[in-house]
file start.cif (mmCIF, C-alpha atoms)
data_input
#
loop_
_atom_site.label_atom_id
_atom_site.label_comp_id
_atom_site.auth_asym_id
_atom_site.auth_seq_id
_atom_site.Cartn_x
_atom_site.Cartn_y
_atom_site.Cartn_z
CA MET A 1 66.29 89.46 -45.96
CA LEU A 2 66.53 89.97 -42.27
CA GLU A 3 67.02 86.26 -41.89
CA LEU A 4 69.88 86.34 -44.37
CA ILE A 5 71.54 89.23 -42.53
CA LEU A 6 71.14 87.49 -39.17
CA TRP A 7 72.46 84.28 -40.66
CA LEU A 8 75.55 86.07 -42.08
CA LEU A 9 76.00 87.89 -38.77
CA ALA A 10 75.77 84.63 -36.86
CA ILE A 11 78.31 83.01 -39.17
CA THR A 12 80.61 86.01 -38.84
CA ILE A 13 80.32 86.07 -35.03
CA SER A 14 80.81 82.33 -34.91
CA GLY A 15 83.87 82.66 -37.12
CA LEU A 16 85.29 85.43 -34.98
CA ALA A 17 84.55 83.47 -31.82
CA LEU A 18 86.17 80.39 -33.30
CA SER A 19 89.18 82.41 -34.42
CA ALA A 20 89.46 84.03 -30.98
CA ALA A 21 89.16 80.64 -29.32
CA LEU A 22 91.80 79.17 -31.61
CA LEU A 23 94.09 82.15 -31.04
CA ALA A 24 93.62 81.90 -27.26
CA ALA A 25 94.35 78.19 -27.41
CA VAL A 26 97.54 78.84 -29.34
CA ARG A 27 98.59 81.50 -26.83
CA VAL A 28 97.92 79.18 -23.87
CA ALA A 29 99.93 76.46 -25.58
CA ASP A 30 102.76 78.90 -26.25
CA ARG A 31 102.74 80.07 -22.60
CA ALA A 32 102.78 76.46 -21.35
CA GLU A 33 105.64 75.62 -23.65
CA ALA A 34 107.53 78.73 -22.56
CA ALA A 35 106.92 77.90 -18.89
CA GLN A 36 108.12 74.38 -19.50
CA ARG A 37 111.27 75.76 -21.16
CA ASN A 38 111.84 78.02 -18.16
CA ASP A 39 111.56 75.06 -15.81
CA LEU A 40 114.37 73.25 -17.56
CA PRO A 41 117.86 73.89 -16.23
CA ALA A 42 119.97 76.15 -18.35
CA PRO A 43 122.34 74.23 -20.55
CA GLU A 44 125.78 74.11 -18.98
CA ALA A 45 129.24 73.42 -20.25
CA PRO A 46 130.11 69.74 -19.88
CA TRP A 47 131.56 69.03 -16.42
CA ARG A 48 135.11 67.81 -16.44
CA PHE A 49 136.51 66.18 -13.31
CA PHE A 50 140.05 67.40 -13.75
CA ALA A 51 139.12 70.81 -15.06
CA THR A 52 140.57 73.67 -13.04
CA PRO A 53 137.79 75.76 -11.51
CA TYR A 54 139.86 78.93 -11.83
CA PRO A 55 141.93 80.44 -14.59
CA VAL A 56 145.24 78.72 -14.98
CA VAL A 57 148.15 81.06 -14.45
CA PRO A 58 150.76 80.30 -17.05
CA SER A 59 154.09 79.28 -15.67
CA ARG A 60 156.71 81.98 -15.67
CA THR A 61 159.34 79.42 -16.55
CA PRO A 62 157.66 76.92 -18.88
CA ASP A 63 160.84 75.34 -20.18
CA LEU A 64 162.57 74.89 -16.85
CA PRO A 65 164.78 71.77 -16.84
CA VAL A 66 163.54 69.08 -14.45
CA GLU A 67 166.75 69.15 -12.40
CA VAL A 68 166.44 72.92 -11.89
CA LEU A 69 162.77 72.59 -10.98
CA LEU A 70 163.55 69.85 -8.44
CA ARG A 71 166.28 72.02 -6.89
CA ARG A 72 163.84 74.93 -6.64
CA LEU A 73 161.23 72.67 -5.08
CA GLU A 74 163.77 71.51 -2.51
CA GLN A 75 164.79 75.10 -1.77
CA HIS A 76 161.12 76.06 -1.44
CA VAL A 77 160.38 73.17 0.95
CA ARG A 78 163.43 73.93 3.09
CA LEU A 79 162.51 77.62 3.39
CA GLU A 80 158.84 76.90 4.10
CA GLN A 81 159.78 74.25 6.64
CA ALA A 82 162.10 76.67 8.45
CA VAL A 83 159.33 79.27 8.68
CA ALA A 84 156.81 76.64 9.81
CA GLU A 85 159.18 75.40 12.52
CA SER A 86 159.79 78.93 13.78
CA PHE A 87 156.01 79.49 13.81
CA HIS A 88 155.65 76.30 15.82
CA LEU A 89 158.10 77.63 18.43
CA ALA A 90 156.49 81.09 18.67
CA PRO A 91 153.07 81.05 17.02
CA THR A 92 151.81 84.46 15.91
CA VAL A 93 149.78 85.57 12.90
CA GLU A 94 152.82 87.50 11.65
CA SER A 95 155.17 84.52 11.89
CA LEU A 96 152.55 82.31 10.21
CA HIS A 97 152.57 84.51 7.10
CA ARG A 98 156.22 85.57 7.14
CA PRO A 99 157.43 85.68 3.53
CA THR A 100 160.41 83.69 2.34
CA ALA A 101 162.83 84.15 -0.54
CA SER A 102 161.50 81.03 -2.25
CA PRO A 103 161.72 81.28 -6.05
CA LEU A 104 158.37 79.47 -6.33
CA VAL A 105 156.37 82.06 -4.39
CA LEU A 106 154.76 84.91 -6.29
CA HIS A 107 154.96 88.20 -4.42
CA MET B 1 176.03 57.90 18.94
CA SER B 2 175.59 60.19 21.88
CA VAL B 3 172.58 58.94 23.80
CA ILE B 4 171.77 62.44 25.03
CA HIS B 5 171.29 63.83 21.53
CA CYS B 6 168.94 61.16 20.21
CA ASP B 7 165.43 62.61 20.01
CA LEU B 8 163.70 59.27 20.54
CA LEU B 9 165.61 58.54 23.77
CA THR B 10 165.39 61.98 25.35
CA GLY B 11 164.58 61.76 29.06
CA LEU B 12 165.83 58.20 29.53
CA ALA B 13 168.55 57.38 32.02
CA SER B 14 171.87 56.63 30.30
CA ASP B 15 171.65 52.93 31.17
CA ASP B 16 168.15 52.66 29.77
CA ALA B 17 169.11 54.51 26.58
CA ALA B 18 172.18 52.32 26.15
CA ALA B 19 170.03 49.23 26.57
CA VAL B 20 167.70 50.41 23.79
CA LEU B 21 170.63 51.16 21.48
CA ALA B 22 172.06 47.72 22.22
CA LEU B 23 168.95 46.21 20.62
CA GLY B 24 169.89 47.71 17.27
CA GLU B 25 172.41 46.95 14.59
CA ARG B 26 174.71 49.36 12.82
CA LEU B 27 173.96 50.09 9.19
CA ARG B 28 176.08 52.01 6.69
CA LEU B 29 174.72 53.61 3.54
CA SER B 30 176.65 55.11 0.66
CA ALA B 31 175.53 58.40 -0.87
CA ASN B 32 172.33 57.96 -2.92
CA GLU B 33 171.72 54.48 -1.51
CA VAL B 34 168.05 53.84 -0.73
CA LEU B 35 167.16 52.88 2.87
CA PHE B 36 163.48 52.22 2.18
CA ASP B 37 160.91 53.08 -0.47
CA ILE B 38 157.31 54.18 -0.30
CA GLY B 39 155.01 51.22 0.38
CA ASP B 40 157.76 48.97 1.79
CA SER B 41 156.97 46.95 4.86
CA ALA B 42 158.13 48.97 7.89
CA ASP B 43 159.59 46.61 10.46
CA LYS B 44 162.57 48.71 11.55
CA LEU B 45 163.01 52.13 13.11
CA TYR B 46 166.23 54.04 12.42
CA LEU B 47 168.36 56.40 14.47
CA LEU B 48 170.78 58.43 12.41
CA ARG B 49 174.34 58.41 13.79
CA SER B 50 176.08 60.36 11.05
CA GLY B 51 175.43 61.72 7.57
CA ARG B 52 172.11 62.91 6.18
CA ILE B 53 169.02 61.05 4.97
CA ALA B 54 166.67 62.67 2.47
CA LEU B 55 162.97 61.82 2.59
CA THR B 56 161.18 62.21 -0.72
CA LEU B 57 157.78 61.69 -2.30
CA PRO B 58 157.13 60.90 -5.97
CA MET B 59 155.82 63.65 -8.26
CA GLN B 60 154.94 63.52 -11.94
CA ILE B 61 157.05 66.11 -13.73
CA GLY B 62 157.23 66.21 -17.49
CA GLY B 63 155.44 62.86 -17.68
CA ARG B 64 158.08 61.15 -15.56
CA ARG B 65 158.18 60.15 -11.91
CA GLN B 66 160.61 62.32 -9.96
CA ASP B 67 161.53 62.16 -6.29
CA ALA B 68 160.63 65.51 -4.76
CA PHE B 69 162.39 66.54 -1.56
CA THR B 70 160.15 66.47 1.50
CA GLU B 71 162.39 66.47 4.57
CA GLU B 72 165.91 65.69 5.67
CA ARG B 73 167.12 63.88 8.76
CA VAL B 74 170.37 64.79 10.49
CA PRO B 75 172.38 62.96 13.20
CA GLY B 76 170.44 62.37 16.41
CA GLN B 77 167.10 62.25 14.62
CA THR B 78 164.75 59.30 14.19
CA LEU B 79 163.28 58.14 10.93
CA GLY B 80 160.97 55.36 9.88
CA TRP B 81 158.50 55.65 12.75
CA SER B 82 155.99 53.90 10.50
CA ALA B 83 157.60 50.79 12.02
CA LEU B 84 155.68 51.51 15.24
CA ILE B 85 152.45 52.78 13.67
CA PRO B 86 149.90 50.58 11.86
CA PRO B 87 149.70 49.60 9.04
CA TRP B 88 153.51 49.38 9.26
CA ARG B 89 154.20 50.64 5.75
CA PHE B 90 156.65 53.39 4.84
CA THR B 91 154.95 56.41 3.33
CA LEU B 92 158.10 58.11 2.06
CA LYS B 93 161.27 57.14 0.29
CA ALA B 94 164.49 57.49 2.33
CA SER B 95 167.91 57.68 0.73
CA ALA B 96 171.30 58.82 1.88
CA SER B 97 172.26 62.34 0.76
CA VAL B 98 175.85 61.54 1.76
CA ASP B 99 177.60 58.51 3.25
CA SER B 100 175.61 57.83 6.42
CA GLU B 101 175.50 55.54 9.42
CA LEU B 102 172.40 54.46 11.31
CA VAL B 103 171.18 52.20 14.07
CA ALA B 104 168.34 49.92 12.93
CA LEU B 105 165.93 48.86 15.67
CA SER B 106 163.47 46.11 14.87
CA ARG B 107 159.86 46.62 15.94
CA THR B 108 159.73 43.16 17.52
CA ALA B 109 162.84 43.74 19.66
CA LEU B 110 161.64 47.19 20.71
CA LEU B 111 158.15 46.05 21.70
CA GLU B 112 159.51 43.11 23.67
CA HIS B 113 161.89 45.47 25.46
CA PHE B 114 159.04 47.86 26.25
CA VAL B 115 156.99 45.03 27.74
CA ALA B 116 159.92 44.08 29.97
CA HIS B 117 160.71 47.72 30.83
CA PRO B 118 157.42 49.65 30.78
CA HIS B 119 158.96 52.93 32.01
CA VAL B 120 161.27 52.89 28.95
CA GLY B 121 158.32 52.18 26.69
CA HIS B 122 156.43 55.09 28.26
CA VAL B 123 159.26 57.59 27.71
CA VAL B 124 159.97 56.40 24.16
CA GLY B 125 156.24 56.45 23.38
CA MET B 126 155.92 60.02 24.64
CA ASN B 127 158.99 61.07 22.65
CA LEU B 128 157.53 59.47 19.55
CA ALA B 129 154.21 61.25 20.10
CA ALA B 130 156.08 64.56 20.46
CA LEU B 131 158.00 63.93 17.22
CA ILE B 132 154.85 63.05 15.30
CA GLY B 133 152.91 65.94 16.80
CA GLN B 134 155.65 68.42 15.93
CA ARG B 135 155.77 67.12 12.36
CA LEU B 136 151.99 67.36 12.08
CA GLN B 137 151.97 70.98 13.23
CA VAL B 138 154.80 71.94 10.89
CA VAL B 139 153.08 70.26 7.94
CA GLN B 140 149.76 71.96 8.85
CA THR B 141 151.53 75.31 8.85
CA MET B 142 153.19 74.59 5.50
CA TRP B 143 149.84 73.52 4.07
CA LEU B 144 148.13 76.68 5.27
CA ARG B 145 150.90 78.79 3.72
CA GLU B 146 150.48 76.97 0.40
CA MET B 147 146.72 77.62 0.51
CA GLN B 148 147.37 81.28 1.28
CA GLN B 149 149.67 81.40 -1.74
CA LEU B 150 146.91 79.83 -3.86
CA VAL B 151 144.46 82.49 -2.65
CA ASN B 152 146.97 85.26 -3.35
CA VAL B 153 147.38 84.05 -6.93
CA HIS B 154 143.75 83.39 -7.80
CA VAL B 155 141.66 85.86 -5.77
#
call {"tool": "encode", "arguments": {"input": "start.cif", "output": "structure tokens"}}
result
Amino acid sequence: MLELILWLLAITISGLALSAALLAAVRVADRAEAAQRNDLPAPEAPWRFFATPYPVVPSRTPDLPVEVLLRRLEQHVRLEQAVAESFHLAPTVESLHRPTASPLVLH
Amino acid sequence: MSVIHCDLLTGLASDDAAAVLALGERLRLSANEVLFDIGDSADKLYLLRSGRIALTLPMQIGGRRQDAFTEERVPGQTLGWSALIPPWRFTLKASASVDSELVALSRTALLEHFVAHPHVGHVVGMNLAALIGQRLQVVQTMWLREMQQLVNVHV
């Protein structure tokens, strides 16, 4: 009788030990897998060469005729050039950043 | 053209300046006529006698190539100094804003004259360096202002 009890106890302990070992093995495997996942770089959005790295500000005049836009560009360049030339003659921080009345500059 | 008011010949004696001008040939352009285009071989330097010459660069606007204004030359100013700077290719398009008259100086004639008259070559070379340096500083300033504008919009 005692032998039977010991035998059942041994089987039970062995079963528990085996279960614990299996559970520990599963946990180790899970941790390794999780660590491996953490090592991988986070998925990123696909890189696009021509993508703007900052939010695009919508044009205030989206339907501007080309001729008008070219005239505004010319006006802008002339005004900026005049300021740049005056800066060149008397360079100061103030003259470097002197605003113009260019229609293409946002104030 | 008044020799005194030509930026390339500033500092030369009148005789020396007249001798340089004598190397050139007169050229007349009607309004909107193209003097040279971007990428053309640059074998001539131009001094503007009268009129106005617009310098432009191509931009893509609305899916089409458009000439965007870059600079304008007025009487007494030099244009086309790519003729004296390797690789001797024009990097802008030049066209007459109004009827204009110029003096065209060939690179070959100029360089031969400079070899024969080194003091003239020295003065013209220094004037050319001053013109290019001034343009560089103005363009640097304009570029910085554009970057500042970019920062103002996006930061």
call {"tool": "resolve_selection", "arguments": {"input": "start.cif", "expression": "the PyMOL selection byres ((chain B) within 12 of (chain A))", "output": "ChimeraX atom specification"}}
result
/B:54-72,133-155
call {"tool": "resolve_selection", "arguments": {"input": "start.cif", "expression": "the PyMOL selection byres ((chain B and resi 111) around 12)", "output": "PyMOL selection string"}}
result
chain B and resi 20+23+43-45+83-85+105-110+112-118+120-122+124-125
call {"tool": "atom_distance", "arguments": {"input": "start.cif", "atom1": "CA of Ala19 in chain B", "atom2": "CA of Lys93 in chain B"}}
result
28.8 Å
call {"tool": "resolve_selection", "arguments": {"input": "start.cif", "expression": "the PyMOL selection byres ((chain B and resi 80) around 7)", "output": "ChimeraX atom specification"}}
result
/B:45-46,78-79,81-83,90
call {"tool": "atom_distance", "arguments": {"input": "start.cif", "atom1": "CA of Leu128 in chain B", "atom2": "CA of Ala22 in chain B"}}
result
18.9 Å
call {"tool": "atom_distance", "arguments": {"input": "start.cif", "atom1": "CA of Pro87 in chain B", "atom2": "CA of His119 in chain B"}}
result
25.0 Å
call {"tool": "closest_residue", "arguments": {"input": "start.cif", "among": "B:Ala129, B:Ile53, B:Ala104, B:Ala17", "to": "Leu92 in chain B", "atoms": "all atoms listed in the file"}}
result
B:Ile53
call {"tool": "axis_aligned_box", "arguments": {"input": "start.cif", "around": "range 96-107 of chain A", "padding_each_side": "6 Å", "output": "lines of an AutoDock Vina configuration file"}}
result
center_x = 157.7
center_y = 83.8
center_z = 1.9
size_x = 22.3
size_y = 20.7
size_z = 28.5
call {"tool": "residues_around", "arguments": {"input": "start.cif", "residues": "Asn127 in chain B", "least_positions_apart": "2", "cutoff": "8 Å", "atoms": "only C-alpha atoms", "output": "ChimeraX atom specification"}}
result
/B:7-10,123-125,129-131
